[in-house]
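What follows is one structure encoded as structure tokens, with my remarks underneath.
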Amino acid sequence: MHAITIPEPGGPEALVWAEVPDPVPAEGEILIEVAAGAVNRADLLQRQGFYDPPPGASPYPGLECSGRVAALGPGVVGWSVGDEVCALLSGGGYAEKVAVPAGQVLPVPQGLDLVTAAALPEVTATVWSNVFMVAHLRQGETLLVHGGASGIGTMAIQLGKAVGARVAVTAGGPEKLERCAELGADILIDYREQDFVEELKKATDGAGADVILDIMGAKYLDRNIRALAVNGRLAVIGLQGGVKGELNLGALLAKRAAVTATSLRMRPLEEKAAIMAAVREHVWPLIASGTVRPVVDSTFPLPDAAEAHRALESGTHVGKMLLVRP
């Protein structure tokens with residue numbers, strides 16, 4: 001098969017379309033013939049040499065894909081060759097084939113085409129596990145989503161609204177904020193021009209956010225704590241603003257608040273399987289009904305992954321970027 005390889009870390013030009021050995025599904029794994037994959041910020045880090053795949057995972061980038069079942073490893077039941085699926089991966093989505101544990105594979109949601117389904121696994125698993133399984137967002141609460149126009153952000157807005165929450169977002173510029181509003185965001189904050197703590201307090205009569213989904217890490221840590229409501233929950237899923245920050249424990253105690261930080265790629269297989277099962281139960285019906293939809297900004301041929309990386313790094317996109325197999 002062919003795959004995007006990274007012979008040496010570097011810029012987008014480090015991504016090389018090359019012939020590589022076909023993967024073989026091990027016990028409990030499904031071999032997928034890839035139709036499309038998606039580009040995530042973690043792929044940029046891997047390309048740069050900062051985010052290696054976990055032991056035993058495919059060395060090629062790509063944390064999600066859609067495609068058709070090509071073969072079943074020993075012990076796999078409930079699937080047939082030819083089934084249309086999408087999958088959460090530890091690596092290998094930038095390839096023509098990938099082997100993945102069966103617990104991380106889901107059927108393509110009813111009413112969605114095979115290529116577009118590649119935009120779902122990573123964002124739905126990340127948002128559902130953090131906002132709902134960890135932070136327990138409930139009807140009537142306020143959710144603040146940083147990076148509302150990103151793939152994660154566009155899904156978080158929709159799922160927050162679907163459960164009856166009030167959703168606030170930060171994004172860069174009026175065009176991105178307008179797209180967030182179209183998806184249902186109630187409170188729109190331009191982080192380039194406005195202080196999100198101040199704007200959120202104004203919009204919530206001083207209460208703040210019950211749940212914050214954060215991609216920035218250290219840079220936003222103090223302000224996130226100030227923006228939390230009493231009994232608020234801060235879920236950190238990204239470190240774009242640095243890894244080390246100072247935490248005011250007094251402020252945290254006063255609000256009886258909680259801070260969690262999670263990553264998806266390094267979780268044990270059983271945890272990933274539990275998350276995907278929850279996504280299938282709670283999110284798939286919302287997609288099938290049209291209540292929630294993946295937001296796709298653009299598509300690129302898989303061999304042109306370098307161009308997709310340049311586009312993601314430009315920061316002008318809204319939603320997901322897909323790599324489509326030729």
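Starting from 1 in every chain, residues are counted up; chains themselves are A, B, ... following the order of the structure tokens, and ligands are numbered from 1 as listed.
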- Message: I'd like the neighbourhood of Lys255 (chain A) as a count of residues only, where a residue qualifies if any of its atoms comes within 10 Å (using only C-alpha atoms), though same-chain residues fewer than 6 positions away should be ignored.
- Response: 9
- Shell of 10 Å around Thr299 (chain A), only C-alpha atoms, local chain residues under 5 positions omitted, as a ChimeraX atom specification: /A:36-39,115-116,305,308,320-324
- Task: Any chance you could list, as a ChimeraX atom specification, the residues in region 85-299 of chain A that come up helix (DSSP H, G or I) when DSSP is run on the backbone?
- Result: /A:102-104,116-119,121-134,151-162,174-182,196-203,217-227,249-255,269-282,284-288
- Query: Near Ala288 (chain A), within 12 Å and counting only C-alpha atoms, which residues show up once chain neighbours fewer than 2 positions away are dropped, as a PyMOL selection string?
  - Reply: chain A and resi 107-113+117+280-286+290-294
Contacts between region 86-97 of chain A and region 106-184 of chain A, please, where a residue of region 106-184 of chain A counts if it comes within 9 Å (with only C-alpha atoms); show its shortest atom pair and distance in Å to one decimal, rows by chain and ascending number, as a tab-separated table.
```
residue	atom	partner	partner_atom	distance
A:Leu106	CA	A:Cys86	CA	5.5
A:Pro107	CA	A:Cys86	CA	6.2
A:Val108	CA	A:Cys86	CA	5.9
A:Leu114	CA	A:Cys86	CA	8.1
A:Ala117	CA	A:Cys86	CA	6.3
A:Ala118	CA	A:Cys86	CA	6.1
A:Ala119	CA	A:Cys86	CA	9.0
A:Leu120	CA	A:Cys86	CA	7.8
A:Pro121	CA	A:Leu88	CA	5.2
A:Glu122	CA	A:Leu88	CA	6.0
A:Ala125	CA	A:Leu88	CA	8.1
```
Mind writing the picked residues with N, CA, C and O atoms as a tab-separated table (two decimals), in the first residue's frame?
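After the write, selection25.tsv holds the following:
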```tsv
chain	number	residue	atom	x	y	z
A	106	LEU	N	-16.72	2.26	14.51
A	106	LEU	CA	-18.16	2.50	14.55
A	106	LEU	C	-18.73	2.47	13.14
A	106	LEU	O	-18.02	2.79	12.18
A	107	PRO	N	-19.99	2.11	12.99
A	107	PRO	CA	-20.61	2.20	11.66
A	107	PRO	C	-20.76	3.66	11.25
A	107	PRO	O	-20.89	4.55	12.11
A	108	VAL	N	-20.74	3.92	9.95
A	108	VAL	CA	-21.01	5.27	9.47
A	108	VAL	C	-22.44	5.63	9.88
A	108	VAL	O	-23.36	4.84	9.65
A	114	LEU	N	-19.68	8.34	3.21
A	114	LEU	CA	-18.50	7.67	3.73
A	114	LEU	C	-17.34	8.64	3.95
A	114	LEU	O	-16.66	8.57	4.98
A	117	ALA	N	-17.78	11.02	6.97
A	117	ALA	CA	-17.69	10.32	8.25
A	117	ALA	C	-16.29	10.35	8.84
A	117	ALA	O	-16.12	10.19	10.06
A	118	ALA	N	-15.27	10.59	8.01
A	118	ALA	CA	-13.90	10.68	8.53
A	118	ALA	C	-13.71	11.86	9.46
A	118	ALA	O	-12.75	11.91	10.23
A	119	ALA	N	-14.61	12.83	9.41
A	119	ALA	CA	-14.50	14.03	10.26
A	119	ALA	C	-15.03	13.79	11.67
A	119	ALA	O	-14.94	14.69	12.51
A	120	LEU	N	-15.56	12.60	11.96
A	120	LEU	CA	-16.27	12.40	13.22
A	120	LEU	C	-15.49	11.78	14.38
A	120	LEU	O	-15.64	12.25	15.51
A	121	PRO	N	-14.72	10.72	14.20
A	121	PRO	CA	-14.27	9.96	15.37
A	121	PRO	C	-13.50	10.75	16.42
A	121	PRO	O	-13.81	10.67	17.61
A	122	GLU	N	-12.50	11.52	16.01
A	122	GLU	CA	-11.67	12.23	16.98
A	122	GLU	C	-12.45	13.32	17.71
A	122	GLU	O	-12.36	13.44	18.93
A	125	ALA	N	-15.32	11.79	20.01
A	125	ALA	CA	-14.75	11.11	21.17
A	125	ALA	C	-14.15	12.12	22.15
A	125	ALA	O	-14.31	11.99	23.38
```
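Nearest residue to Ile30 (chain A), choosing from A:Asp297, A:Asp83, A:Asp210, A:Asp205 and counting only C-alpha atoms: A:Asp83.
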- Task: Show which residues sit within 7 Å of Ile157 (chain A), as a ChimeraX atom specification. Count only C-alpha atoms, and ignore same-chain residues fewer than 2 positions away.
- Result: /A:153-155,159-161,167,183-185
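Across the model, the gap from CA of Ile237 (chain A) to CA of Gly10 (chain A) is 24.1 Å.
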List every residue of region 99-160 of chain A that has an atom at most 8 Å from any atom of region 11-29 of chain A, giving for each one its closest atom pair and the distance in Å to one decimal, counting only C-alpha atoms, sorted by chain and then by ascending residue number, as JSON lines.
```
{"residue": "A:Ala99", "atom": "CA", "partner": "A:Pro25", "partner_atom": "CA", "distance": 5.3}
{"residue": "A:Val100", "atom": "CA", "partner": "A:Glu29", "partner_atom": "CA", "distance": 5.2}
{"residue": "A:Pro101", "atom": "CA", "partner": "A:Glu29", "partner_atom": "CA", "distance": 4.2}
{"residue": "A:Ala102", "atom": "CA", "partner": "A:Glu29", "partner_atom": "CA", "distance": 5.1}
```
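Among the candidates A:Leu188, A:Ala207, A:Val134, A:Ala162, the residue lying nearest to Gly148 (chain A) is A:Leu188 (atoms considered: only C-alpha atoms).
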For the contact check between region 226-302 of chain A and region 218-222 of chain A, emit one row per residue of region 226-302 of chain A within 6 Å, containing the shortest atom pair and the distance in Å rounded to one decimal, counting only C-alpha atoms, chain then rising number order, as CSV.
```
residue,atom,partner,partner_atom,distance
A:Gly241,CA,A:Lys219,CA,4.7
A:Gly242,CA,A:Ala218,CA,4.9
A:Val243,CA,A:Ala218,CA,5.4
A:Lys244,CA,A:Ala218,CA,5.3
A:Gly245,CA,A:Ala218,CA,4.5
```
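The two atoms in question, CA of Val98 (chain A) and CA of Ser66 (chain A), are spaced 10.2 Å apart.
The shortest atom-to-atom distance to Thr5 (chain A), with only C-alpha atoms taken into account, belongs to A:Tyr60 out of A:Pro54, A:Leu234, A:Leu312, A:Tyr60.
CA of Gly315 (chain A) lies 18.9 Å from CA of Gln194 (chain A).
Minimum atom-to-atom distance to His136 (chain A), evaluated using only C-alpha atoms, belongs to A:Val163 out of A:Asp190, A:Val163, A:Ala168, A:Pro53.
Remark: for Gly78 (chain A), the closest of the candidate residues A:Ala57, A:Gly103, A:Leu269, A:Arg256 is A:Gly103 (distances computed over only C-alpha atoms).
With only C-alpha atoms as the atoms that count, the minimum distance from Ala278 (chain A) to the choices A:Ile187, A:Gln104, A:Glu84, A:Pro303 is reached by A:Gln104.
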- Query: Quick one: residues within 8 Å of Asp214 (chain A), only C-alpha atoms counted, chain neighbours fewer than 2 positions away excluded, as number ranges by chain?
  - Reply: A: 145-146, 212, 216-217, 234-238
- Task: If you run DSSP over the backbone, which residues in region 85-202 of chain A end up strand (DSSP E)? Put them as a ChimeraX atom specification.
- Result: /A:85-88,97-101,105-107,142-146,166-171,187-190
